[in-house]
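Chemist: Okay, handing you the structure first.
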Amino acid sequence: MKKILVGLQKWTPNELEHVLSYPNEQVSGIILGDPFCEYHMFQHGDFDLIEFAEKAKTVGKVVVYQTPVYLTHPIFDKTLSIIQYLEKKKVCDWILAQDVGLIHLCSKNKTTIPICWSVWGYNRSNFISYNLVNFLMSIGIQGIEINNPSWGEHVSCLNLQVFLNGYAPTVVSFRQTCYVESVYKTHCNNGDLCQKSMFIIQDIRRNQTLTINGYVLEMNIPPKLIQSETPPDWYTIHLQTSDRLGDLLKKVSENEPSKP
């Protein structure tokens, strides 16, 4: 049985209720936390993040917190505070992180929530090497999220949990300032531009159509489902909305290896 963790571009109470309605055999847990802006994911920012984590735990779901990609001050302090609060409330099972300073500090503070190196760390290294993994283990990570199934067996042999990023938009580029703010030439106020954030542009240099989605540029084609012959510990999937979740779970089930 595949242990699937579901992340959505925008979480609302209705979306949360829909995802949580799936049995644990189909959806093991959820991923909360936008890599760039909480107001892009939640109407009420971090307040919704805490509330939704609590609701997910009441129905026995695994809760994963995706930390921000750019942890500049004061975002670093706020992120650390969120982790400490989630830990205190016992409503978080894993942290996805890609900032070595945050990981080191959590380890130094003896944070009890295990930390997984996030795929967003590819802006620091776009491949998994022995030296990178050895360093990450030395600062306290207990899992690695990968997007190449062939890496899974090697990571697993090091007694690390393997998170396979099995379904997600293909990100062409991302930056620390919001593309949408640049389009509107105005400063976003707590996500008030997020409802207008899906723009389609033609990239002449790459000869492809791209979607502007907040802080990232994505390829405007449906993602492909990535699976592995060697089952990872977790599959992470990321959807725009939960509407396609049923179809995706069906496709995952159809590709399950047959039992002897």
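Residues are referred to by chain and number: the chain letter is A, B, ... according to the order shown in the structure tokens, the number counts from 1 in that chain, and ligands are numbered separately from 1 in the order shown.
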Please give the complete set of residues from region 6-196 of chain A that DSSP, run on the backbone, assigns to strand (DSSP E), formatted as number ranges by chain.

Modeler: A: 6-8, 29-32, 62-66, 94-97, 115-117, 143-146, 161-167, 171-174

Chemist: Could those residues be written to a file, using C-alpha atoms, as a short mmCIF file (atom, residue, chain, number, x, y, z; two decimals), in the first residue's frame?

Modeler:
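What landed in result.cif:
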```cif
data_model
loop_
_atom_site.label_atom_id
_atom_site.label_comp_id
_atom_site.auth_asym_id
_atom_site.auth_seq_id
_atom_site.Cartn_x
_atom_site.Cartn_y
_atom_site.Cartn_z
CA VAL A 6 -1.47 15.32 -0.44
CA GLY A 7 -0.64 18.99 -0.86
CA LEU A 8 -2.91 21.56 -2.50
CA GLY A 29 -1.79 12.61 5.31
CA ILE A 30 -1.56 16.17 4.08
CA ILE A 31 1.16 18.73 3.37
CA LEU A 32 0.58 22.23 4.72
CA VAL A 62 -0.16 12.45 9.07
CA VAL A 63 0.63 16.17 8.96
CA VAL A 64 3.69 17.50 7.12
CA TYR A 65 4.80 21.13 7.36
CA GLN A 66 6.56 22.54 4.28
CA TRP A 94 7.31 15.68 9.58
CA ILE A 95 8.98 18.93 8.57
CA LEU A 96 10.04 19.51 4.97
CA ALA A 97 12.97 21.91 5.02
CA ILE A 115 13.02 16.66 9.38
CA CYS A 116 13.09 15.71 5.70
CA TRP A 117 15.22 17.50 3.12
CA GLY A 143 14.46 11.76 5.39
CA ILE A 144 14.99 13.04 1.85
CA GLU A 145 12.37 14.02 -0.69
CA ILE A 146 13.42 13.01 -4.20
CA GLN A 161 12.99 7.83 5.01
CA VAL A 162 12.37 8.23 1.28
CA PHE A 163 9.75 10.74 0.12
CA LEU A 164 9.12 10.43 -3.62
CA ASN A 165 7.69 13.59 -5.15
CA GLY A 166 5.43 11.61 -7.42
CA TYR A 167 3.10 14.27 -8.84
CA VAL A 171 8.73 24.40 -12.02
CA VAL A 172 10.85 26.24 -14.56
CA SER A 173 12.07 28.96 -12.21
CA PHE A 174 11.24 30.71 -8.96
#
```

Chemist: Residues within 9 Å of region 217-230 of chain A, please, as a VMD selection string. Count only C-alpha atoms; anything in the same chain fewer than 5 positions from it doesn't count.

Modeler: chain A and resid 147 to 150 152 to 153 164 to 174 179 200 208 to 212 235 237 248 251 to 252 255 257

Chemist: What is the distance, in Å and to one decimal place, between CA of Lys108 (chain A) and CA of Ile139 (chain A)?

Modeler: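 Separation between CA of Lys108 (chain A) and CA of Ile139 (chain A): 8.7 Å.
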
Chemist: Check the smallest atom-to-atom distance from each of A:Leu80, A:Leu249, A:Val69, A:Cys178 to Ser118 (chain A) using only C-alpha atoms, then report the winner.

Modeler: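 Using only C-alpha atoms, the shortest distance to Ser118 (chain A) belongs to A:Val69.
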
Chemist: Interatomic distance between CA of Leu193 (chain A) and CA of Val180 (chain A)?

Modeler: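 It comes out at 7.3 Å.
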
Chemist: May I have the residues within 12 Å of Ala53 (chain A) as JSON, numbers by chain, using only C-alpha atoms and disregarding those fewer than 4 positions away in the same chain?

Modeler: {"A": [11, 13, 16, 20, 29, 30, 31, 32, 33, 46, 47, 48, 49, 57, 58, 59, 60, 61, 62, 63, 64, 65, 82, 83, 85, 86, 87, 89, 90, 91, 92, 93, 94]}

Chemist: How close does each residue of region 189-253 of chain A get to region 155-159 of chain A, giving the shortest atom pair and distance in Å to one decimal for every residue with an atom at most 12 Å away, counting only C-alpha atoms, sorted by chain and residue number, as CSV?

Modeler:
```
residue,atom,partner,partner_atom,distance
A:Thr230,CA,A:Ser156,CA,10.0
A:Pro231,CA,A:Ser156,CA,10.2
A:Pro232,CA,A:Ser156,CA,8.2
A:Asp233,CA,A:Ser156,CA,8.8
A:Trp234,CA,A:Ser156,CA,11.7
```

Chemist: Would you output that residue set with C-alpha atoms, as a PDB file, in the first residue's frame?

Modeler:
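Once everything was written out, this is out.pdb:
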```pdb
ATOM      1  CA  THR A 230      11.187   0.115  -5.162  1.00  0.00           C
ATOM      2  CA  PRO A 231       8.389   1.583  -3.037  1.00  0.00           C
ATOM      3  CA  PRO A 232       9.427   4.707  -1.108  1.00  0.00           C
ATOM      4  CA  ASP A 233       8.259   5.300   2.447  1.00  0.00           C
ATOM      5  CA  TRP A 234       6.005   8.134   1.267  1.00  0.00           C
TER       6      TRP A 234
END
```

Chemist: Report, in Å to a single decimal, how far apart CA of Asn189 (chain A) and CA of Val119 (chain A) are.

Modeler: 28.1 Å

Chemist: Going by DSSP on the backbone, which residues of region 14-109 of chain A come out as alpha helix (DSSP H)? List them as a ChimeraX atom specification.

Modeler: /A:14-20,38-41,46-58,75-89,100-108

Chemist: Which is closer to Leu71 (chain A) than all the others in A:Glu254, A:Gln176, A:Glu17, A:Asn131, using only C-alpha atoms?

Modeler: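 Of all the options, A:Gln176 lies closest to Leu71 (chain A).
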
Chemist: Using only C-alpha atoms, which of the listed residues (A:Cys37, A:Ala56, A:Cys106, A:Leu136) sits closest to Tyr22 (chain A)?

Modeler: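 Closest to Tyr22 (chain A) of all the choices is A:Ala56.
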
Chemist: Under the rule that only C-alpha atoms are counted, which of A:Asn109, A:Leu245, A:Phe127, A:Val216 is the nearest residue to Leu5 (chain A)?

Modeler: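 Once distances to Leu5 (chain A) are computed over only C-alpha atoms, the minimum belongs to A:Leu245.
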
Chemist: Select, from A:Arg175, A:His40, A:Lys3, A:Lys185, the residue with the minimum atom-to-atom distance to Pro23 (chain A), counting only C-alpha atoms.

Modeler: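 Of A:Arg175, A:His40, A:Lys3, A:Lys185, the one nearest Pro23 (chain A) is A:Lys3, counting only C-alpha atoms.
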